[in-house]
Amino acid sequence: KNQVEQSPQSLIILEGKNCTLQCNYTVSPFSNLRWYKQDTGRGPVSLTIMTFSENTKSNGRYTATLDADTKQSSLHITASQLSDSASYICVVSENGVTGGGNKLTFGTGTQLKVEL
Amino acid sequence: DVKVTQSSRYLVKRTGEKVFLECVQDMDHENMFWYRQDPGLGLRLIYFSYDVKMKEKGDIPEGYSVSREKKERFSLILESASTNQTSMYLCASSLDRDSWIIYSGNTIYFGEGSWLTVV
């Protein structure tokens, strides 16, 4: 069964500090891996999308890495801000499953809180 | 700017009522999805549609149905609401069918969510 495991489940850091969130997956065949940010009570917003050939991708202070061999990804947040407080969801896409598009497997998210 | 709009943000319904959740996207996307999100479970796919009048079951279709009469609109229907359907419902859309191409970098856009409470 395809699974996406995220760690830690929750994290509290001080403003200005860096942090790294982890995502391990067992999805196969792999198509791509996405990181989403979800503010409380809002819908998820895309941060990055990576295919198997991409090792790293940045979006401002967010940098995602992917190791397709070990099936691990990380999301690094640099110089955190209060507005980074949110749930970060890792989503892995399974290639070519049905006629309706790739199947997505969602992690349960890491809840990040940035404090003063 | 990309937009997926869910018509109702907060609803309270009684057990047995019929519930309609509406979703509209303005990006001419082919794919549309309905998920529910529960604490500790992540997003789970209820139904998706890759074209007008086409629909496919997701992982948890029981108790739900959908309708896609127009490309921009995808409706989720709870025929007879039950308390275990209390949840946050998220609509999403994406551009292509991407089932037979290896790379799909197309973003999936989500709506703001509909919080449904069934009492």
# chains A, B, ... in the order shown; residues from 1 in each chain; ligands from 1
>>> residues_around(residues="Pro29 (chain A)", least_positions_apart="2", cutoff="8 Å", atoms="only C-alpha atoms", output="PyMOL selection string")
chain A and resi 27+31+94-95
>>> residues_around(residues="Val92 (chain A)", least_positions_apart="5", cutoff="9 Å", atoms="only C-alpha atoms", output="list of chain:residue names")
A:Gln3, A:Val4, A:Tyr25, A:Val27, A:Phe30, A:Ser31, A:Asn32, A:Leu33, A:Arg34, A:Trp35, A:Lys103, A:Leu104, A:Thr105, A:Phe106, A:Gly107
>>> write_last_selection(atoms="N, CA and C atoms", output="mmCIF file, in the first residue's frame")
data_model
loop_
_atom_site.group_PDB
_atom_site.id
_atom_site.type_symbol
_atom_site.label_atom_id
_atom_site.label_comp_id
_atom_site.auth_asym_id
_atom_site.auth_seq_id
_atom_site.Cartn_x
_atom_site.Cartn_y
_atom_site.Cartn_z
ATOM 1 N N GLN A 3 2.209 4.750 0.825
ATOM 2 C CA GLN A 3 2.136 5.565 2.043
ATOM 3 C C GLN A 3 3.081 6.741 1.947
ATOM 4 N N VAL A 4 2.706 7.807 2.642
ATOM 5 C CA VAL A 4 3.556 8.988 2.781
ATOM 6 C C VAL A 4 3.610 9.313 4.267
ATOM 7 N N TYR A 25 8.335 8.170 1.587
ATOM 8 C CA TYR A 25 7.193 7.624 0.857
ATOM 9 C C TYR A 25 7.520 6.234 0.317
ATOM 10 N N VAL A 27 5.441 5.238 -2.421
ATOM 11 C CA VAL A 27 4.636 5.271 -3.644
ATOM 12 C C VAL A 27 5.449 4.794 -4.841
ATOM 13 N N PHE A 30 6.741 6.106 -9.193
ATOM 14 C CA PHE A 30 6.753 7.494 -8.762
ATOM 15 C C PHE A 30 6.607 8.439 -9.951
ATOM 16 N N SER A 31 5.814 9.485 -9.779
ATOM 17 C CA SER A 31 5.691 10.520 -10.800
ATOM 18 C C SER A 31 6.284 11.831 -10.315
ATOM 19 N N ASN A 32 5.759 12.367 -9.248
ATOM 20 C CA ASN A 32 6.309 13.599 -8.710
ATOM 21 C C ASN A 32 5.943 13.752 -7.242
ATOM 22 N N LEU A 33 6.629 14.669 -6.603
ATOM 23 C CA LEU A 33 6.407 14.933 -5.183
ATOM 24 C C LEU A 33 6.167 16.424 -5.015
ATOM 25 N N ARG A 34 5.149 16.732 -4.234
ATOM 26 C CA ARG A 34 4.743 18.131 -4.037
ATOM 27 C C ARG A 34 4.731 18.459 -2.551
ATOM 28 N N TRP A 35 5.084 19.679 -2.244
ATOM 29 C CA TRP A 35 4.912 20.209 -0.897
ATOM 30 C C TRP A 35 3.859 21.314 -0.956
ATOM 31 N N LYS A 103 -2.621 9.159 -9.378
ATOM 32 C CA LYS A 103 -3.181 9.024 -8.035
ATOM 33 C C LYS A 103 -2.261 9.730 -7.044
ATOM 34 N N LEU A 104 -2.841 10.504 -6.185
ATOM 35 C CA LEU A 104 -2.085 11.254 -5.186
ATOM 36 C C LEU A 104 -2.216 10.602 -3.825
ATOM 37 N N THR A 105 -1.108 10.495 -3.122
ATOM 38 C CA THR A 105 -1.121 10.030 -1.745
ATOM 39 C C THR A 105 -0.631 11.168 -0.868
ATOM 40 N N PHE A 106 -1.436 11.534 0.114
ATOM 41 C CA PHE A 106 -1.143 12.678 0.971
ATOM 42 C C PHE A 106 -0.548 12.224 2.291
ATOM 43 N N GLY A 107 0.450 12.950 2.754
ATOM 44 C CA GLY A 107 0.896 12.797 4.122
ATOM 45 C C GLY A 107 -0.072 13.510 5.054
#
>>> closest_atom_pairs(of="chain A", to="chain B", cutoff="12 Å", atoms="only C-alpha atoms", output="Markdown table")
| residue | atom | partner | partner_atom | distance |
| --- | --- | --- | --- | --- |
| A:Gln3 | CA | B:Gly42 | CA | 11.1 |
| A:Val4 | CA | B:Gly42 | CA | 9.8 |
| A:Glu5 | CA | B:Gly42 | CA | 10.4 |
| A:Gln6 | CA | B:Gly42 | CA | 10.7 |
| A:Gln9 | CA | B:Gly40 | CA | 9.4 |
| A:Ser10 | CA | B:Gly40 | CA | 11.6 |
| A:Pro29 | CA | B:Ile102 | CA | 9.7 |
| A:Phe30 | CA | B:Ile102 | CA | 8.7 |
| A:Ser31 | CA | B:Ile102 | CA | 6.1 |
| A:Asn32 | CA | B:Ser104 | CA | 7.2 |
| A:Leu33 | CA | B:Gly105 | CA | 9.4 |
| A:Arg34 | CA | B:Thr107 | CA | 8.8 |
| A:Trp35 | CA | B:Thr107 | CA | 10.6 |
| A:Tyr36 | CA | B:Ile108 | CA | 9.9 |
| A:Lys37 | CA | B:Phe110 | CA | 11.1 |
| A:Gln38 | CA | B:Glu112 | CA | 9.8 |
| A:Asp39 | CA | B:Glu112 | CA | 9.9 |
| A:Thr40 | CA | B:Glu112 | CA | 10.3 |
| A:Gly41 | CA | B:Gly113 | CA | 7.5 |
| A:Arg42 | CA | B:Glu112 | CA | 4.8 |
| A:Gly43 | CA | B:Glu112 | CA | 4.2 |
| A:Pro44 | CA | B:Phe110 | CA | 6.0 |
| A:Val45 | CA | B:Phe110 | CA | 6.9 |
| A:Ser46 | CA | B:Thr107 | CA | 6.9 |
| A:Leu47 | CA | B:Thr107 | CA | 9.4 |
| A:Thr48 | CA | B:Thr107 | CA | 8.8 |
| A:Ile49 | CA | B:Gly105 | CA | 6.3 |
| A:Met50 | CA | B:Gly105 | CA | 7.4 |
| A:Thr51 | CA | B:Tyr103 | CA | 6.7 |
| A:Phe52 | CA | B:Tyr103 | CA | 8.9 |
| A:Ser53 | CA | B:Tyr103 | CA | 9.8 |
| A:Glu54 | CA | B:Tyr103 | CA | 11.3 |
| A:Ser87 | CA | B:Gly42 | CA | 10.8 |
| A:Tyr88 | CA | B:Gly42 | CA | 11.0 |
| A:Ile89 | CA | B:Gly42 | CA | 8.4 |
| A:Cys90 | CA | B:Gly42 | CA | 9.8 |
| A:Val91 | CA | B:Leu43 | CA | 9.6 |
| A:Val92 | CA | B:Ser104 | CA | 11.7 |
| A:Ser93 | CA | B:Ser104 | CA | 9.1 |
| A:Glu94 | CA | B:Ser99 | CA | 9.1 |
| A:Asn95 | CA | B:Ile102 | CA | 6.4 |
| A:Gly96 | CA | B:Ser99 | CA | 4.1 |
| A:Val97 | CA | B:Ser99 | CA | 6.4 |
| A:Thr98 | CA | B:Ser99 | CA | 6.3 |
| A:Gly99 | CA | B:Ser99 | CA | 6.0 |
| A:Gly100 | CA | B:Tyr50 | CA | 5.4 |
| A:Gly101 | CA | B:Ser99 | CA | 4.2 |
| A:Asn102 | CA | B:Ser99 | CA | 5.2 |
| A:Lys103 | CA | B:Ser99 | CA | 8.6 |
| A:Leu104 | CA | B:Leu45 | CA | 8.5 |
| A:Thr105 | CA | B:Leu43 | CA | 8.2 |
| A:Phe106 | CA | B:Gly42 | CA | 5.9 |
| A:Gly107 | CA | B:Gly42 | CA | 5.8 |
| A:Thr108 | CA | B:Gly42 | CA | 4.1 |
| A:Gly109 | CA | B:Gly42 | CA | 7.0 |
| A:Thr110 | CA | B:Gly40 | CA | 10.3 |
| A:Gln111 | CA | B:Gly40 | CA | 11.0 |
>>> select_by_dssp(residues="chain B", states="strand (DSSP E or B)", output="PyMOL selection string")
chain B and resi 4-6+10-13+19-25+31-38+42-49+56-57+65-70+73-78+87-94+109-110+114-118
>>> residues_around(residues="Ser65 (chain B)", least_positions_apart="6", cutoff="9 Å", atoms="only C-alpha atoms", output="list in words")
Ile46, Tyr47, Lys57, Ser75, Leu76, Ile77, Leu78 and Glu79 of chain B
